[in-house]
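S.K.: Quick one, final_7.cif (mmCIF, C-alpha atoms):
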```cif
data_upload
loop_
_atom_site.group_PDB
_atom_site.id
_atom_site.type_symbol
_atom_site.label_atom_id
_atom_site.label_comp_id
_atom_site.auth_asym_id
_atom_site.auth_seq_id
_atom_site.Cartn_x
_atom_site.Cartn_y
_atom_site.Cartn_z
ATOM 1 C CA MET C 44 118.805 143.609 129.463
ATOM 2 C CA SER C 45 118.136 145.168 132.843
ATOM 3 C CA GLU C 46 120.484 145.040 135.836
ATOM 4 C CA ILE C 47 118.018 142.686 137.572
ATOM 5 C CA ASP C 48 118.091 140.299 134.593
ATOM 6 C CA ASN C 49 121.906 140.423 134.559
ATOM 7 C CA PHE C 50 122.037 139.605 138.269
ATOM 8 C CA ARG C 51 119.572 136.746 137.826
ATOM 9 C CA GLN C 52 121.661 135.287 134.971
ATOM 10 C CA ARG C 53 124.852 135.514 137.060
ATOM 11 C CA VAL C 54 123.075 133.773 139.962
ATOM 12 C CA PHE C 55 121.948 130.989 137.600
ATOM 13 C CA GLN C 56 125.518 130.536 136.338
ATOM 14 C CA VAL C 57 126.973 130.300 139.855
ATOM 15 C CA ILE C 58 124.344 127.833 141.064
ATOM 16 C CA ALA C 59 124.762 125.690 137.945
ATOM 17 C CA ALA C 60 128.467 125.326 138.842
ATOM 18 C CA ILE C 61 127.901 123.909 142.363
ATOM 19 C CA PRO C 62 129.074 120.294 142.185
ATOM 20 C CA GLU C 63 127.022 117.368 143.409
ATOM 21 C CA GLY C 64 127.631 116.637 147.094
ATOM 22 C CA ARG C 65 128.499 120.263 147.893
ATOM 23 C CA VAL C 66 126.509 123.239 149.164
ATOM 24 C CA THR C 67 127.066 126.961 149.336
ATOM 25 C CA THR C 68 125.264 129.889 150.916
ATOM 26 C CA TYR C 69 122.990 132.596 149.580
ATOM 27 C CA GLY C 70 125.653 135.157 150.539
ATOM 28 C CA GLU C 71 128.437 133.315 148.755
ATOM 29 C CA ILE C 72 126.344 133.159 145.590
ATOM 30 C CA ALA C 73 125.599 136.878 145.851
ATOM 31 C CA SER C 74 129.341 137.602 146.186
ATOM 32 C CA LEU C 75 130.259 135.387 143.260
ATOM 33 C CA ALA C 76 127.517 137.047 141.195
ATOM 34 C CA GLY C 77 129.117 140.435 141.889
ATOM 35 C CA SER C 78 126.630 141.749 144.474
ATOM 36 C CA PRO C 79 127.976 140.768 147.918
ATOM 37 C CA ARG C 80 125.104 142.400 149.801
ATOM 38 C CA ALA C 81 122.348 140.675 147.817
ATOM 39 C CA ALA C 82 121.904 137.361 149.676
ATOM 40 C CA ARG C 83 118.152 137.959 150.094
ATOM 41 C CA GLN C 84 117.808 138.691 146.399
ATOM 42 C CA VAL C 85 119.426 135.324 145.634
ATOM 43 C CA GLY C 86 116.624 133.741 147.668
ATOM 44 C CA GLY C 87 114.104 135.699 145.629
ATOM 45 C CA VAL C 88 115.620 134.489 142.364
ATOM 46 C CA LEU C 89 115.408 130.883 143.570
ATOM 47 C CA LYS C 90 111.836 131.313 144.768
ATOM 48 C CA ARG C 91 110.832 132.260 141.218
ATOM 49 C CA LEU C 92 112.560 129.393 139.409
ATOM 50 C CA PRO C 93 110.367 127.899 136.715
ATOM 51 C CA GLU C 94 108.699 124.576 137.494
ATOM 52 C CA GLY C 95 110.924 121.687 136.466
ATOM 53 C CA SER C 96 114.131 123.754 136.384
ATOM 54 C CA SER C 97 117.284 121.627 136.268
ATOM 55 C CA LEU C 98 119.237 124.189 138.328
ATOM 56 C CA PRO C 99 120.550 122.530 141.530
ATOM 57 C CA TRP C 100 118.723 125.004 143.798
ATOM 58 C CA HIS C 101 118.757 122.475 146.643
ATOM 59 C CA ARG C 102 122.511 123.018 147.103
ATOM 60 C CA VAL C 103 121.947 126.523 148.487
ATOM 61 C CA VAL C 104 121.611 126.937 152.266
ATOM 62 C CA ASN C 105 121.812 129.780 154.752
ATOM 63 C CA ARG C 106 125.043 131.008 156.346
ATOM 64 C CA ARG C 107 124.592 128.670 159.312
ATOM 65 C CA GLY C 108 124.406 125.647 157.025
ATOM 66 C CA GLU C 109 120.670 125.255 157.524
ATOM 67 C CA ILE C 110 117.810 124.884 155.093
ATOM 68 C CA SER C 111 115.780 128.092 155.087
ATOM 69 C CA LEU C 112 112.667 126.608 153.513
ATOM 70 C CA GLN C 113 109.731 125.241 155.467
ATOM 71 C CA GLY C 114 107.176 122.471 155.189
ATOM 72 C CA GLU C 115 107.102 120.382 152.038
ATOM 73 C CA ASP C 116 109.848 122.472 150.386
ATOM 74 C CA PHE C 117 112.108 121.863 153.416
ATOM 75 C CA GLN C 118 111.572 118.105 153.100
ATOM 76 C CA ARG C 119 112.194 118.168 149.344
ATOM 77 C CA GLN C 120 115.481 120.040 149.787
ATOM 78 C CA ARG C 121 116.604 117.839 152.681
ATOM 79 C CA GLN C 122 115.906 114.635 150.708
ATOM 80 C CA ALA C 123 117.744 115.971 147.651
ATOM 81 C CA LEU C 124 120.802 116.786 149.777
ATOM 82 C CA LEU C 125 120.729 113.443 151.581
ATOM 83 C CA SER C 126 120.561 111.658 148.220
ATOM 84 C CA GLU C 127 123.845 113.387 147.264
ATOM 85 C CA GLY C 128 125.554 112.152 150.447
ATOM 86 C CA ILE C 129 125.304 115.390 152.394
ATOM 87 C CA THR C 130 124.672 114.712 156.070
ATOM 88 C CA PHE C 131 123.078 116.832 158.745
ATOM 89 C CA GLU C 132 124.436 117.363 162.239
ATOM 90 C CA ALA C 133 122.306 117.580 165.355
ATOM 91 C CA GLY C 134 120.060 120.603 165.016
ATOM 92 C CA GLY C 135 119.769 120.164 161.263
ATOM 93 C CA ARG C 136 122.964 121.909 160.242
ATOM 94 C CA ILE C 137 125.277 120.949 157.407
ATOM 95 C CA ASP C 138 128.999 121.120 158.163
ATOM 96 C CA LEU C 139 130.055 123.869 155.742
ATOM 97 C CA VAL C 140 133.740 123.039 156.239
ATOM 98 C CA ARG C 141 133.132 119.462 155.118
ATOM 99 C CA PHE C 142 130.434 120.007 152.464
ATOM 100 C CA GLY C 143 130.903 123.661 151.517
ATOM 101 C CA TRP C 144 131.824 124.562 147.954
ATOM 102 C CA LYS C 145 134.502 127.136 147.314
ATOM 103 C CA ILE C 146 135.794 128.154 143.942
#
```
Represent the structure of the file as structure tokens.
M.R.:
Amino acid sequence: MSEIDNFRQRVFQVIAAIPEGRVTTYGEIASLAGSPRAARQVGGVLKRLPEGSSLPWHRVVNRRGEISLQGEDFQRQRQALLSEGITFEAGGRIDLVRFGWKI
């Protein structure tokens, strides 16, 4: 198994552990997966998730507590978070102190 495959598997494991009603950041996932400087790569892993994946990808936001996606994907992620009770402040940010997940 290549290093890229190992990283991808670690990212999957971390994201699978995020509880409902909580969010975390791309950078936090990268750190927990053992590659603290790989936040962008976490985004790449999520972008290539297979259709119909049960991984709670929607619980991953940027370091400012904002959704990084655009258009229809933005709306899909926002609705999924709202359905879990996560609220957005003015400007579209999620309060990471209130809703952030820490191990």
S.K.: In the coordinates of the file, take the point (123.0, 118.6, 150.4) and a cut-off of 8 Å; then, counting only C-alpha atoms, name each qualifying protein, DNA or RNA residue as a ChimeraX atom specification.
M.R.: /C:64-66,101-102,120-121,123-130,137,142
S.K.: Carefully work through the PyMOL selection byres ((chain C and resi 136) around 10) for this structure and note down the residues it includes, as a PyMOL selection string.
M.R.: chain C and resi 104-105+107-110+130-135+137-139
S.K.: State, in Å with one decimal place, the distance from CA of Val85 (chain C) to CA of Pro62 (chain C).
M.R.: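 Result for CA of Val85 (chain C) versus CA of Pro62 (chain C): 18.2 Å, one decimal.
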S.K.: Convert the output of the PyMOL selection byres ((chain C and resi 45-60) around 7) on the shown file into explicit residues, formatted as a count of residues only.
M.R.: 11
S.K.: Please, what distance in Å, to one decimal, runs between CA of Gly70 (chain C) and CA of Arg106 (chain C)?
M.R.: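 Rounded to one decimal, the two atoms are 7.2 Å apart.
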S.K.: Pick out the closest residue to Ser111 (chain C) from this set: C:Gly86, C:Glu63, C:Ala73, C:Pro79. Count only C-alpha atoms.
M.R.: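 Checking each candidate against Ser111 (chain C), we get C:Gly86 as the closest.
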